[in-house]
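Here the structure is laid out as structure tokens; the discussion comes afterwards.
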Amino acid sequence: MTAVLLRRLLRLLVVCFGISLITFLLLHLSGDPVAMILPEATEADRATLRETLGLNRPLLVQYGSFIKRAVQGDFGQSFFHRSPALPLVLERIPTTLLLTVLALGFAVLIAVPAGILTAVRRYSWLDHLATVTVLLGQSMPVFWTGIMLMLLFAVSWKLLPASGWDSWQAMVLPALTLGTFQAPLFLRMSRSAMLEVLGLDYVRTARAKGLAEWSVITRHALKNAAIPIVTVIGLQFGVLLSGAVVTETVFAVPGTGRLIVRAIGQLDFPVVQAGVMTLSLLIVAVNFVVDMVYIYLNPQVRIS
Amino acid sequence: MKRCLRDSIYRWGALLVLLVLGMLGTSTGAALAADADTLVLALNRDQDNMDPHMHFQRVGIIMNINMYDSLLHKNTKLEYEPSLAMTWKTLDDTTWEFTLRQGVKFHNGDSFSAEDVKFSFERVLDPATKSPQYGNIRAIKEVKIIDAHTVHLITDKPFPLLLERVVYFPIIPKKHFEKVGAQAFAESAPAGTGPYKFVEWKRDQYLKMERFEAHWRGPAAFKYLTIRVIPETSTQIAELKTGGVDIIRNLAPDLIPDLKAHANTYVSTAPILRTHYVELDMREPPFNKKEVRQAANYAIDRQAIVEKLMGGLGKIVPTIINPLAFGYDPKLEGYSYDPKKAKELLKQAGLANGADITIHAGVSEAFFRQIAEAIAEMLSEVGLRTNLKIWEPGPAWNKFFQSEGKATHGFYGTWGYYSTFDADAILHPLYHTEPGGWVGRWYTRVPGLDDLIDTGRSTLDKEKRMAAYTKVQSLIKDEAPSIFLFSQHDMLGVNKRVDYAARGDEWIWLYDAKLRK
């Protein structure tokens with residue numbers, strides 16, 4: 001178990017290093033931020049600023065100093081916000097995280113029971129309805145779903161605010177939008193995982209013993225069906241975070257995604273680097289936790 | 001057994017439905033019902049910081065003008081009127097005297113004086129500040145305090161744009177700034193003398209302000225002002241219709257009919273300085289030949305673009321000079337739409353088979369993209385087969401400067417003159433080739449043009465300036481360093497509970513906003 005843990009942690013470090021290198025190189029290849037900071041300045045002024053920001057040093061030296069500072073949590077000063085980059089990112093992380101978790105919660109809450117139900121009632125009208133919903137849900141882009149929900153709930157029915165993040169009511173539509181994006185996948189996964197498990201001998205044995213159907217499903221079948229479901233949920237966390245960028249834009253949610261997208265447009269290197277690194281660490285950490293849960297749920301992994 | 005499962009599922013399902021209905025029930029009316037005391041403006045992006053001297057963005061200007069005063073102000077007819085300066089005059093060609101308003105207070109309680117004016121200008125002029133607005137006022141070489149309420153701005157040479165430049169030049173409180181420091185001033189403790197004072201700023205979310213009761217103009221109509229950041233246009237529209245927001249800007253022309261027809265909203269438009277153009281690289285083939293540049297100008301059906309893509313809310317300009325700017329020559333006729341002539345000119349230039357060109361567009365609005373695509377199509381039709389590259393404005397400029405303008409043969413852009421109603425505000429950045437210049441130093445090669453621009457900007461004599469600009473316009477019309485296009489309108493969507501009209505300077509000056517009776 002310790003060896004597995006250590007192996008995973010080592011892999012985690014390698015992934016972080018890779019992400020930092022790719023982000024750094026891509027950013028530095030994409031242009032010179034000084035032209036954006038001082039659009040109307042003379043070349044001499046630009047050269048001075050380039051020197052002040054350390055952008056005139058060789059790339060390798062810049063990367064070395066970036067890593068050295070980054071491990072201490074110092075990503076430098078934002079070129080445009082006039083404040084340190086990491087706090088800018090960190091103050092937005094809770095928003096993005098809350099949006100992601102709410103969406104995930106919504107998707108799981110709707111999709112997993114529905115998936116189980118459609119597996120239990122295979123080929124019923126409920127199953128067919130779910131199949132159509134899955135198809136629809138997966139074909140709708142997040143921004144479109146968002147705008148449609150906004151038109152219905154905010155403009156037509158005036159039940160919820162159209163945008164913002166300052167009240168729980170304002171959080172409903174963004175979470176619903178992002179959740180709708182993921183729910184179909186969870187539904188499909190739960191259904192197929194459950195169907196597979198329901199056909200196994202031990203389930204038949206449980207039924208033969210005269211256990212209540214509810215008990216067979218929740219106590220016996222669900223635990224084994226949960227293994228692939230948990231894996232997918234964990235993997236989808238990263239996908240949800242990227243979906244959050246679009247949702248944040250549509251609903252004017254002040255999250256990390258929007259900050260990073262804007263910083264990329266401005267070539268605000270410190271903010272992009274701090275943002276990408278923080279989100280990557282978050283995704284890597286979630287995957288790590290999922291791995292651990294997986295090990296707990298599936299003893300075979302532990303043994304192997 | 002199965003019944004037990006079904007019952008359980010139904011129970012949970014019913015509970016969920018009740019929960020959702022309950023949530024919605026309690027939130028009815030939560031759609032941010034309009035508050036009679038609060039005016040809400042939506043912008044598509046936030047300013048980078050609250051320091052009015054440390055940005056060059058339109059959204060920042062709009063936020064700042066409601067919190068800070070400058071020496072002068074412009075009314076809705078765009079005439080100068082006193083603001084922090086009561087009177088102004090020139091003592092000689094390079095000395096401007098401003099008599100300051102007395103009894104003015106900053107939001108923090110400090111009294112406004114000449115010290116604050118001197119401090120504000122010197123701060124931006126100091127290279128160590130690295131203010132992006134430095135270029136606007138670099139002609140000022142000294143700020144001299146005569147007494148507590150009189151200052152002299154002394155320029156290195158006659159600088160006719162000075163009054164235009166001080167209309168947006170926020171004056172900040174020296175003592176307060178020195179006490180709180182630049183960082184806090186930019187984030188949590190800004191203070192000006194404007195009609196609204198700072199309350200709270202949540203980056204990328206909102207800026208909340210409260211009416212400054214002691215403002216020298218008298219209190220504004222709305223007690224609270226909130227500027228919300230809503231990046232998505234469709235979301236802004238939804239908020240405007242539901243009353244979550246009172247004013248939105250930069251409407252796409254195709255959205256105007258919908259807002260005009262809606263029961264809660266109206267549209268206000270005004271012609272503005274923003275002028276569209278395609279700047280051409282005169283150093284490299286094919287645009288190093290005058291005939292090719294003229295051909296590109298004849299290739300464009302401007303009328304069709306204005307009518308079809310801009311909803312008629314634009315005006316064709318003969319050159320780059322906007323009719324609203326000083327120096328505009330109304331007698332000059334622009335290029336007509338004549339594809340046949342364009343092809344002939346290409347033939348004369350030795351390009352009977354046309355040429356392949358690349359144009360980039362730094363596009364900030366969706367309808368700019370459509371315009372860029374139409375231009376590319378029209379150029380291709382006469383033989384200038386255009387490969388259009390559409391980038392975000394930031395990366396677009398970046399690529400431009402990095403390659404010293406050689407990344408593409410030209411770029412489509414718009415220029416808002418920095419709300420400076422003077423020909424120089426576009427001629428200098430776009431065409432002057434001085435080493436510290438902007439795009440002109442890379443692209444433009446028109447003999448004699450630099451001198452004419454210099455003549456126009458180095459005398460206060462309006463007639464001499466006008467004569468210089470008349471010559472400039474006929475010269476650039478002939479030399480065609482750009483494809484000249486059109487100007488546009490500012491397009492605001494306004495909720496019917498509020499009275500507010502779009503201005504010609506793209507400002508949103510909310511002191512003028514009133515609640516409709």
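Residue numbers start at 1 in each chain; chains themselves are named A, B, ... in the order of the structure tokens; ligands are numbered from 1 in the order shown.
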Please build the interface table for chain A against chain B with a cut-off of 6 Å, listing for each qualifying residue the nearest atom pair and the distance in Å to one decimal; count only C-alpha atoms, order rows by chain and increasing number, and write it as CSV.
residue,atom,partner,partner_atom,distance
A:Ala35,CA,B:Asn398,CA,5.9
A:Leu38,CA,B:Pro132,CA,5.6
A:Glu40,CA,B:Trp438,CA,5.6
A:Thr42,CA,B:Gly436,CA,4.0
A:Phe80,CA,B:Asp48,CA,5.7
A:His81,CA,B:Asp48,CA,4.8
A:Val155,CA,B:Thr242,CA,5.9
A:Leu159,CA,B:Thr28,CA,4.8
A:Leu160,CA,B:Ala31,CA,5.1
A:Pro161,CA,B:Ala31,CA,3.8
A:Ala162,CA,B:Glu239,CA,5.8
A:Ala212,CA,B:Met1,CA,5.1
A:Glu213,CA,B:Met1,CA,5.1
A:Trp214,CA,B:Leu5,CA,5.0
A:Thr249,CA,B:Pro231,CA,5.9
A:Val250,CA,B:Glu232,CA,5.4
A:Ala252,CA,B:Ile230,CA,4.8
A:Pro254,CA,B:Asp204,CA,5.4
A:Gly265,CA,B:Gly394,CA,5.7
A:Gln266,CA,B:Gly394,CA,5.5
Selected residues, N, CA and C atoms, written as a PDB file, in the first residue's frame, please.
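Saved result, result.pdb, follows:
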ATOM      1  N   ALA A  35       4.977  44.589 -25.168  1.00  0.00           N
ATOM      2  CA  ALA A  35       4.241  45.329 -26.203  1.00  0.00           C
ATOM      3  C   ALA A  35       2.815  45.612 -25.760  1.00  0.00           C
ATOM      4  N   LEU A  38       3.081  48.364 -22.558  1.00  0.00           N
ATOM      5  CA  LEU A  38       3.387  49.733 -23.005  1.00  0.00           C
ATOM      6  C   LEU A  38       3.154  49.843 -24.511  1.00  0.00           C
ATOM      7  N   GLU A  40       2.258  52.262 -26.428  1.00  0.00           N
ATOM      8  CA  GLU A  40       2.656  53.476 -27.143  1.00  0.00           C
ATOM      9  C   GLU A  40       4.020  53.991 -26.707  1.00  0.00           C
ATOM     10  N   THR A  42       8.293  54.127 -26.298  1.00  0.00           N
ATOM     11  CA  THR A  42       9.425  54.018 -27.224  1.00  0.00           C
ATOM     12  C   THR A  42      10.106  52.678 -26.994  1.00  0.00           C
ATOM     13  N   PHE A  80      -0.535  43.232 -15.194  1.00  0.00           N
ATOM     14  CA  PHE A  80      -1.624  44.190 -15.372  1.00  0.00           C
ATOM     15  C   PHE A  80      -2.368  44.530 -14.087  1.00  0.00           C
ATOM     16  N   HIS A  81      -2.467  43.548 -13.173  1.00  0.00           N
ATOM     17  CA  HIS A  81      -3.269  43.793 -11.970  1.00  0.00           C
ATOM     18  C   HIS A  81      -2.517  44.519 -10.878  1.00  0.00           C
ATOM     19  N   VAL A 155     -35.362  35.119 -17.886  1.00  0.00           N
ATOM     20  CA  VAL A 155     -36.077  36.086 -18.721  1.00  0.00           C
ATOM     21  C   VAL A 155     -37.576  35.773 -18.770  1.00  0.00           C
ATOM     22  N   LEU A 159     -37.641  33.492 -12.354  1.00  0.00           N
ATOM     23  CA  LEU A 159     -37.487  32.747 -11.109  1.00  0.00           C
ATOM     24  C   LEU A 159     -36.104  32.901 -10.490  1.00  0.00           C
ATOM     25  N   LEU A 160     -35.121  33.075 -11.354  1.00  0.00           N
ATOM     26  CA  LEU A 160     -33.739  33.136 -10.870  1.00  0.00           C
ATOM     27  C   LEU A 160     -33.006  34.293 -11.536  1.00  0.00           C
ATOM     28  N   PRO A 161     -31.937  34.794 -10.904  1.00  0.00           N
ATOM     29  CA  PRO A 161     -31.164  35.856 -11.553  1.00  0.00           C
ATOM     30  C   PRO A 161     -30.455  35.319 -12.805  1.00  0.00           C
ATOM     31  N   ALA A 162     -30.277  36.177 -13.796  1.00  0.00           N
ATOM     32  CA  ALA A 162     -29.676  35.730 -15.049  1.00  0.00           C
ATOM     33  C   ALA A 162     -28.182  35.477 -14.899  1.00  0.00           C
ATOM     34  N   ALA A 212     -34.452  -8.292   0.148  1.00  0.00           N
ATOM     35  CA  ALA A 212     -35.295  -7.298  -0.525  1.00  0.00           C
ATOM     36  C   ALA A 212     -34.520  -6.711  -1.709  1.00  0.00           C
ATOM     37  N   GLU A 213     -35.225  -6.385  -2.813  1.00  0.00           N
ATOM     38  CA  GLU A 213     -34.572  -5.870  -4.024  1.00  0.00           C
ATOM     39  C   GLU A 213     -33.750  -4.621  -3.705  1.00  0.00           C
ATOM     40  N   TRP A 214     -34.323  -3.780  -2.891  1.00  0.00           N
ATOM     41  CA  TRP A 214     -33.657  -2.534  -2.472  1.00  0.00           C
ATOM     42  C   TRP A 214     -32.302  -2.851  -1.835  1.00  0.00           C
ATOM     43  N   THR A 249     -18.006  32.305 -17.904  1.00  0.00           N
ATOM     44  CA  THR A 249     -18.151  33.430 -18.839  1.00  0.00           C
ATOM     45  C   THR A 249     -19.618  33.731 -19.087  1.00  0.00           C
ATOM     46  N   VAL A 250     -20.407  32.686 -19.348  1.00  0.00           N
ATOM     47  CA  VAL A 250     -21.823  32.898 -19.662  1.00  0.00           C
ATOM     48  C   VAL A 250     -22.551  33.554 -18.486  1.00  0.00           C
ATOM     49  N   ALA A 252     -21.215  35.149 -15.856  1.00  0.00           N
ATOM     50  CA  ALA A 252     -20.426  36.176 -15.168  1.00  0.00           C
ATOM     51  C   ALA A 252     -20.034  35.744 -13.763  1.00  0.00           C
ATOM     52  N   PRO A 254     -17.225  34.985 -11.146  1.00  0.00           N
ATOM     53  CA  PRO A 254     -15.825  35.423 -11.037  1.00  0.00           C
ATOM     54  C   PRO A 254     -14.888  34.297 -10.624  1.00  0.00           C
ATOM     55  N   GLY A 265      -5.000  36.180 -23.000  1.00  0.00           N
ATOM     56  CA  GLY A 265      -5.186  37.230 -24.002  1.00  0.00           C
ATOM     57  C   GLY A 265      -4.210  38.379 -23.807  1.00  0.00           C
ATOM     58  N   GLN A 266      -3.896  38.677 -22.548  1.00  0.00           N
ATOM     59  CA  GLN A 266      -3.008  39.809 -22.262  1.00  0.00           C
ATOM     60  C   GLN A 266      -1.543  39.391 -22.139  1.00  0.00           C
TER      61      GLN A 266
END
Inset, instruction - Just the strand (DSSP E or B) stuff from range 259-451 of chain B, please, per backbone DSSP, written as a ChimeraX atom specification. - result: /B:265-280,314-316,326,355-362,384-391,410-415,422
Inset, instruction - Extract, using only C-alpha atoms, all DNA, RNA and protein residues at most 6 Å from Asn495 in chain B, discarding same-chain residues fewer than 6 positions from it, and format them as an NGL selection string. - result: :B and (246 or 264-265)
Residues of the last selection are to be written out with C-alpha atoms, as a short mmCIF file (atom, residue, chain, number, x, y, z; two decimals), in the first residue's frame.
data_model
loop_
_atom_site.label_atom_id
_atom_site.label_comp_id
_atom_site.auth_asym_id
_atom_site.auth_seq_id
_atom_site.Cartn_x
_atom_site.Cartn_y
_atom_site.Cartn_z
CA ASP B 246 -29.87 49.31 -16.42
CA ASN B 264 -38.54 47.06 -20.83
CA THR B 265 -35.70 48.40 -22.94
#
Inset, instruction - Determine which residues of range 56-184 of chain A receive a DSSP assignment of helix (DSSP H, G or I), computed from the backbone, and state them as a PyMOL selection string. - result: chain A and resi 59-70+85-90+93-120+125-139+142-156+168-184
Mind dumping the selected residues with C-alpha atoms as a PDB file, in the first residue's frame?
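Output saved as part.pdb:
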ATOM      1  CA  LEU A  59      14.760  31.132 -21.512  1.00  0.00           C
ATOM      2  CA  LEU A  60      16.475  28.457 -19.440  1.00  0.00           C
ATOM      3  CA  VAL A  61      17.544  30.991 -16.820  1.00  0.00           C
ATOM      4  CA  GLN A  62      14.019  32.406 -16.740  1.00  0.00           C
ATOM      5  CA  TYR A  63      12.561  28.914 -16.294  1.00  0.00           C
ATOM      6  CA  GLY A  64      15.053  28.116 -13.516  1.00  0.00           C
ATOM      7  CA  SER A  65      14.154  31.240 -11.585  1.00  0.00           C
ATOM      8  CA  PHE A  66      10.453  30.625 -12.246  1.00  0.00           C
ATOM      9  CA  ILE A  67      10.667  27.123 -10.729  1.00  0.00           C
ATOM     10  CA  LYS A  68      12.739  28.330  -7.799  1.00  0.00           C
ATOM     11  CA  ARG A  69      10.187  30.984  -6.960  1.00  0.00           C
ATOM     12  CA  ALA A  70       7.168  28.818  -7.790  1.00  0.00           C
ATOM     13  CA  ALA A  85      -0.331  36.551  -9.165  1.00  0.00           C
ATOM     14  CA  LEU A  86      -0.927  33.654  -6.797  1.00  0.00           C
ATOM     15  CA  PRO A  87      -3.361  35.449  -4.439  1.00  0.00           C
ATOM     16  CA  LEU A  88      -5.302  36.590  -7.519  1.00  0.00           C
ATOM     17  CA  VAL A  89      -5.746  32.963  -8.486  1.00  0.00           C
ATOM     18  CA  LEU A  90      -6.316  31.676  -4.973  1.00  0.00           C
ATOM     19  CA  ILE A  93     -10.314  29.078  -6.609  1.00  0.00           C
ATOM     20  CA  PRO A  94     -13.135  28.662  -4.046  1.00  0.00           C
ATOM     21  CA  THR A  95     -15.638  30.028  -6.565  1.00  0.00           C
ATOM     22  CA  THR A  96     -14.533  27.691  -9.346  1.00  0.00           C
ATOM     23  CA  LEU A  97     -14.300  24.809  -6.929  1.00  0.00           C
ATOM     24  CA  LEU A  98     -17.749  25.484  -5.503  1.00  0.00           C
ATOM     25  CA  LEU A  99     -19.220  25.722  -8.997  1.00  0.00           C
ATOM     26  CA  THR A 100     -17.524  22.464  -9.993  1.00  0.00           C
ATOM     27  CA  VAL A 101     -18.562  20.651  -6.829  1.00  0.00           C
ATOM     28  CA  LEU A 102     -22.158  21.905  -7.077  1.00  0.00           C
ATOM     29  CA  ALA A 103     -22.309  20.830 -10.710  1.00  0.00           C
ATOM     30  CA  LEU A 104     -20.749  17.501  -9.880  1.00  0.00           C
ATOM     31  CA  GLY A 105     -23.154  17.063  -6.985  1.00  0.00           C
ATOM     32  CA  PHE A 106     -26.100  17.896  -9.196  1.00  0.00           C
ATOM     33  CA  ALA A 107     -24.936  15.547 -11.941  1.00  0.00           C
ATOM     34  CA  VAL A 108     -24.280  12.690  -9.536  1.00  0.00           C
ATOM     35  CA  LEU A 109     -27.514  13.240  -7.647  1.00  0.00           C
ATOM     36  CA  ILE A 110     -29.580  13.078 -10.807  1.00  0.00           C
ATOM     37  CA  ALA A 111     -27.583  10.741 -12.994  1.00  0.00           C
ATOM     38  CA  VAL A 112     -26.492   7.959 -10.659  1.00  0.00           C
ATOM     39  CA  PRO A 113     -29.966   7.107  -9.257  1.00  0.00           C
ATOM     40  CA  ALA A 114     -31.404   7.491 -12.742  1.00  0.00           C
ATOM     41  CA  GLY A 115     -28.708   5.206 -14.115  1.00  0.00           C
ATOM     42  CA  ILE A 116     -29.460   2.577 -11.485  1.00  0.00           C
ATOM     43  CA  LEU A 117     -33.168   2.886 -12.083  1.00  0.00           C
ATOM     44  CA  THR A 118     -32.818   2.486 -15.839  1.00  0.00           C
ATOM     45  CA  ALA A 119     -30.637  -0.569 -15.296  1.00  0.00           C
ATOM     46  CA  VAL A 120     -33.197  -2.099 -12.982  1.00  0.00           C
ATOM     47  CA  TRP A 125     -40.286   3.801 -20.971  1.00  0.00           C
ATOM     48  CA  LEU A 126     -38.033   5.289 -18.270  1.00  0.00           C
ATOM     49  CA  ASP A 127     -35.002   3.635 -19.865  1.00  0.00           C
ATOM     50  CA  HIS A 128     -35.907   4.972 -23.297  1.00  0.00           C
ATOM     51  CA  LEU A 129     -36.483   8.443 -21.880  1.00  0.00           C
ATOM     52  CA  ALA A 130     -33.079   8.314 -20.226  1.00  0.00           C
ATOM     53  CA  THR A 131     -31.428   7.267 -23.491  1.00  0.00           C
ATOM     54  CA  VAL A 132     -32.967  10.245 -25.289  1.00  0.00           C
ATOM     55  CA  THR A 133     -31.928  12.549 -22.444  1.00  0.00           C
ATOM     56  CA  VAL A 134     -28.361  11.259 -22.628  1.00  0.00           C
ATOM     57  CA  LEU A 135     -28.258  11.900 -26.352  1.00  0.00           C
ATOM     58  CA  LEU A 136     -29.669  15.385 -25.956  1.00  0.00           C
ATOM     59  CA  GLY A 137     -27.493  16.262 -22.997  1.00  0.00           C
ATOM     60  CA  GLN A 138     -24.326  15.214 -24.741  1.00  0.00           C
ATOM     61  CA  SER A 139     -25.129  17.056 -27.930  1.00  0.00           C
ATOM     62  CA  VAL A 142     -22.407  24.206 -22.383  1.00  0.00           C
ATOM     63  CA  PHE A 143     -22.829  27.817 -23.511  1.00  0.00           C
ATOM     64  CA  TRP A 144     -26.026  26.973 -25.372  1.00  0.00           C
ATOM     65  CA  THR A 145     -27.518  25.087 -22.438  1.00  0.00           C
ATOM     66  CA  GLY A 146     -26.574  28.033 -20.240  1.00  0.00           C
ATOM     67  CA  ILE A 147     -28.242  30.591 -22.456  1.00  0.00           C
ATOM     68  CA  MET A 148     -31.362  28.455 -22.845  1.00  0.00           C
ATOM     69  CA  LEU A 149     -31.682  27.938 -19.090  1.00  0.00           C
ATOM     70  CA  MET A 150     -31.154  31.672 -18.587  1.00  0.00           C
ATOM     71  CA  LEU A 151     -33.867  32.517 -21.106  1.00  0.00           C
ATOM     72  CA  LEU A 152     -36.299  30.139 -19.417  1.00  0.00           C
ATOM     73  CA  PHE A 153     -35.613  30.661 -15.724  1.00  0.00           C
ATOM     74  CA  ALA A 154     -34.529  34.313 -15.728  1.00  0.00           C
ATOM     75  CA  VAL A 155     -36.077  36.086 -18.721  1.00  0.00           C
ATOM     76  CA  SER A 156     -39.354  34.196 -19.208  1.00  0.00           C
ATOM     77  CA  TRP A 168     -27.401  30.993  -3.663  1.00  0.00           C
ATOM     78  CA  GLN A 169     -30.132  31.664  -6.213  1.00  0.00           C
ATOM     79  CA  ALA A 170     -27.493  32.977  -8.610  1.00  0.00           C
ATOM     80  CA  MET A 171     -25.536  29.719  -8.211  1.00  0.00           C
ATOM     81  CA  VAL A 172     -28.412  27.499  -9.360  1.00  0.00           C
ATOM     82  CA  LEU A 173     -28.265  28.137 -13.105  1.00  0.00           C
ATOM     83  CA  PRO A 174     -24.472  27.881 -13.506  1.00  0.00           C
ATOM     84  CA  ALA A 175     -24.385  24.652 -11.476  1.00  0.00           C
ATOM     85  CA  LEU A 176     -27.337  23.263 -13.408  1.00  0.00           C
ATOM     86  CA  THR A 177     -25.698  24.155 -16.723  1.00  0.00           C
ATOM     87  CA  LEU A 178     -22.384  22.598 -15.886  1.00  0.00           C
ATOM     88  CA  GLY A 179     -24.071  19.603 -14.270  1.00  0.00           C
ATOM     89  CA  THR A 180     -26.228  19.011 -17.344  1.00  0.00           C
ATOM     90  CA  PHE A 181     -23.017  18.787 -19.317  1.00  0.00           C
ATOM     91  CA  GLN A 182     -21.769  15.864 -17.203  1.00  0.00           C
ATOM     92  CA  ALA A 183     -24.949  14.117 -16.077  1.00  0.00           C
ATOM     93  CA  PRO A 184     -25.491  12.095 -19.290  1.00  0.00           C
TER      94      PRO A 184
END
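With only C-alpha atoms as the atoms that count, the residue of A:Thr48, A:Ser78, A:Ser124, A:Ser163 with the shortest distance to Ile260 in chain A is A:Ser78.
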Show me a table, sorted first by chain and then by increasing residue number, of the residues of range 230-341 of chain B having an atom at most 8 Å from range 370-386 of chain B, each with its shortest atom pair and the distance in Å to one decimal, counting only C-alpha atoms and written as CSV.
residue,atom,partner,partner_atom,distance
B:Ala296,CA,B:Leu379,CA,6.3
B:Ala299,CA,B:Leu379,CA,5.8
B:Ile300,CA,B:Met378,CA,5.9
B:Asp301,CA,B:Met378,CA,7.5
B:Ile305,CA,B:Ile371,CA,6.9
B:Leu309,CA,B:Ile371,CA,6.9
B:Pro339,CA,B:Val382,CA,6.0
B:Lys340,CA,B:Val382,CA,7.8
Legend entry - Exercise: Ala191 in chain B partners within 7 Å, only C-alpha atoms, chain neighbours under 4 positions left out, as a list in words: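 So the residues in contact are Phe106, His107, Asn108, Ile172, Lys197 and Phe198 of chain B.
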Write out, as a PDB file, in the first residue's frame, the residues just selected, with C-alpha atoms.
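Once everything was written out, this is again_38.pdb:
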ATOM      1  CA  PHE B 106     -11.717  64.487  -2.157  1.00  0.00           C
ATOM      2  CA  HIS B 107     -13.785  61.497  -1.051  1.00  0.00           C
ATOM      3  CA  ASN B 108     -11.475  60.948   1.917  1.00  0.00           C
ATOM      4  CA  ILE B 172      -5.720  62.026  -7.393  1.00  0.00           C
ATOM      5  CA  LYS B 197     -17.069  57.395  -4.244  1.00  0.00           C
ATOM      6  CA  PHE B 198     -15.592  53.958  -3.914  1.00  0.00           C
TER       7      PHE B 198
END
Legend entry - For Tyr123 in chain A, the nearest of the candidates A:Phe75, A:His28, A:Leu195, A:Pro141, counting only C-alpha atoms: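 Result for the nearest residue to Tyr123 in chain A: A:Leu195.
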Legend entry - Distance criterion (only C-alpha atoms): nearest to Gly164 in chain A out of A:Pro270, A:Gly255, A:Gly18, A:Pro299: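 The answer is A:Gly255, which sits nearest to Gly164 in chain A.
Of the listed residues (A:Leu5, A:Ala225, A:Ala274, A:Leu27), A:Ala274 comes nearest to Gln77 in chain A; the distances count only C-alpha atoms.
Proximity ranking of B:Phe368, B:Phe222, B:Phe169, B:Phe121 relative to Leu515 in chain B places B:Phe222 first, based on only C-alpha atoms.
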